[in-house]
Amino acid sequence: KWRPKCFQDVVGQDIVRESIKSSLVSGNFFQSILLSGTRGVGKTTIARLISKFLVCENTNSGDICMECKNCSSIDNNNFIDLIEIDAASNTQVEKIRELIDNTQYLPVASEVKIYIIDEVHMLSKSSFNALLKTIEEPPKHVFFVFATTEPKKIPETILSRCLHYTLSSINPDEINNNLKKILQSEKITYDDKSIELLSKKASGSIRDSLTLLEQAINLGNGKIDYSILKQYYFSFDNDDYCQILKYISKSEVNSLTEKIDFYLKNNLEPLNFLKEFLVVLYEIILSKHSTSLNKDGFDKKEVVELFTYEDLQLFYEIILKAIRNFYYVPDNKMSLMIPLLQMISFRSNKEANMATSKPINEIEKKELGPEKNNS
């Protein structure tokens with residue numbers, strides 16, 4: 001329902017969207033386009049929008065009209081001149097040769113024929129070789145739009161004949177705004193903390209965010225409930241991480257161990273915990289420098305004041321190393337406890353050193369003695 005129907009609706013791909021739209025409006029559109037990017041960022045959606053623009057009967061406004069017969073047919077997946085192929089399930093060279101043979105026939109319902117090949121990197125070497133000549137000299141009425149998550153697996157001979165657009169991961173703020181827009185339109189009750197949680201879990205994928213949103217609505221019986229979401233996803237927020245940091249500052253190993261045991265029993269994902277911890281440390285470091293650097297600010301001032309900048313910088317390096325080595329650690333609890341214990345150890349050693357060290361003038365007094373010192 002909420003897949004973009006025109007270029008204006010596309011979220012988070014402003015540069016790519018405007019570049020493609022400009023070339024379509026000017027009539028200088030390349031006949032072979034490659035769209036690459038991670039899952040759920042809009043590759044197939046933009047490919048379909050390109051197809052709609054090419055066959056739209058009324059593009060005077062500079063965008064897709066969304067009302068003509070051709071636009072409606074594409075929306076309903078029954079436009080005869082748009083051929084969509086999933087390369088993952090059609091890797092055989094015979095399928096590609098059949099496709100190439102069909103390119104010579106003129107379109108039926110419009111002036112162009114469009115081929116969208118999804119996950120094109122999955123094609124076999126023979127399939128790419130068969131496709132090469134057609135891409136090099138395509139018939140005037142044929143357009144190819146390729147989509148892939150792994151452009152490095154596509155042969156250079158194909159890449160060099162395509163205009164390549166790289167789609168970026170969607171910014172969490174843009175996902176956040178899009179989800180709020182949808183919920184407001186659907187008149188569904190929500191709260192900001194829930195939307196922030198869903199935006200982070202989407203990991204830059206607009207499609208994943210919509211899937212998570214639908215799941216959240218079902219979990220809350222028609223509304224978004226943060227308490228349910230936090231329990232279901234066992235998500236951490238600043239309060240949880242602040243409690244962990246307080247235990248570290250006080251060297252409360254037993255409390256920290258009990259907390260980690262509790263989290264793991266509730267299906268905590270250790271790698272996600274470490275990655276989010278890294279973000280929290282980053283936010284605290286920014287707040288340590290200046291609240292103006294961190295627009296939202298870190299709202300737990302007592303935690304910011306517990307540690308020096310050097311402490312936080314070392315904590316960041318410890319967590320970063322734990323993430324890098326995560327798959328080498330045989331146990332989930334170990335993967336969490338070791339970096340946390342390293343933080344406590346660092347703090348304890350630092351405090352011990354500070355306690356034993358004395359000012360230089362006191363040391364001199366002791367060595368010289370009272371008489372020499374008086375003289």
# chains A, B, ... in the order shown; residues from 1 in each chain; ligands from 1
>>> select_by_dssp(residues="region 163-256 of chain A", states="strand (DSSP E)", output="MDAnalysis selection string")
chainID A and resid 163:166
>>> select_by_dssp(residues="region 61-308 of chain A", states="alpha helix (DSSP H)", output="ChimeraX atom specification")
/A:69-75,93-102,125-136,156-159,172-186,192-201,206-219,226-233,238-250,253-265,270-289,301-304
>>> atom_distance(atom1="CA of Asp81 (chain A)", atom2="CA of Lys113 (chain A)")
4.9 Å
>>> closest_residue(among="A:Ile117, A:Ile285, A:Ile20, A:Ser127", to="Glu305 (chain A)", atoms="only C-alpha atoms")
A:Ile285
>>> residues_around(residues="region 346-348 of chain A", least_positions_apart="4", cutoff="8 Å", atoms="only C-alpha atoms", output="tab-separated table (two decimals) with N, CA, C and O atoms, in the first residue's frame")
chain	number	residue	atom	x	y	z
A	248	ILE	N	29.77	-0.24	36.18
A	248	ILE	CA	31.19	-0.21	35.81
A	248	ILE	C	31.93	0.82	36.66
A	248	ILE	O	33.03	0.56	37.15
A	249	SER	N	31.33	1.99	36.84
A	249	SER	CA	31.99	3.06	37.61
A	249	SER	C	32.19	2.67	39.07
A	249	SER	O	33.15	3.12	39.71
A	251	SER	N	32.46	-0.56	40.04
A	251	SER	CA	33.09	-1.90	40.04
A	251	SER	C	32.19	-2.96	40.67
A	251	SER	O	32.66	-3.86	41.38
A	311	ASP	N	38.58	7.86	29.57
A	311	ASP	CA	37.84	6.64	29.94
A	311	ASP	C	36.92	6.21	28.81
A	311	ASP	O	36.92	5.05	28.37
A	342	GLN	N	36.80	-5.71	31.36
A	342	GLN	CA	37.98	-4.93	30.98
A	342	GLN	C	37.81	-3.46	31.36
A	342	GLN	O	38.76	-2.81	31.82
A	352	ALA	N	43.44	3.01	41.63
A	352	ALA	CA	44.49	2.54	42.52
A	352	ALA	C	45.78	3.34	42.31
A	352	ALA	O	46.47	3.71	43.27
>>> atom_distance(atom1="CA of Leu132 (chain A)", atom2="CA of Phe29 (chain A)")
19.2 Å
>>> residues_around(residues="region 225-232 of chain A", least_positions_apart="3", cutoff="9 Å", atoms="only C-alpha atoms", output="ChimeraX atom specification")
/A:189-195,197-198,216-217,219-220,235-237,266
>>> atom_distance(atom1="CA of Ser185 (chain A)", atom2="CA of Asn77 (chain A)")
25.2 Å
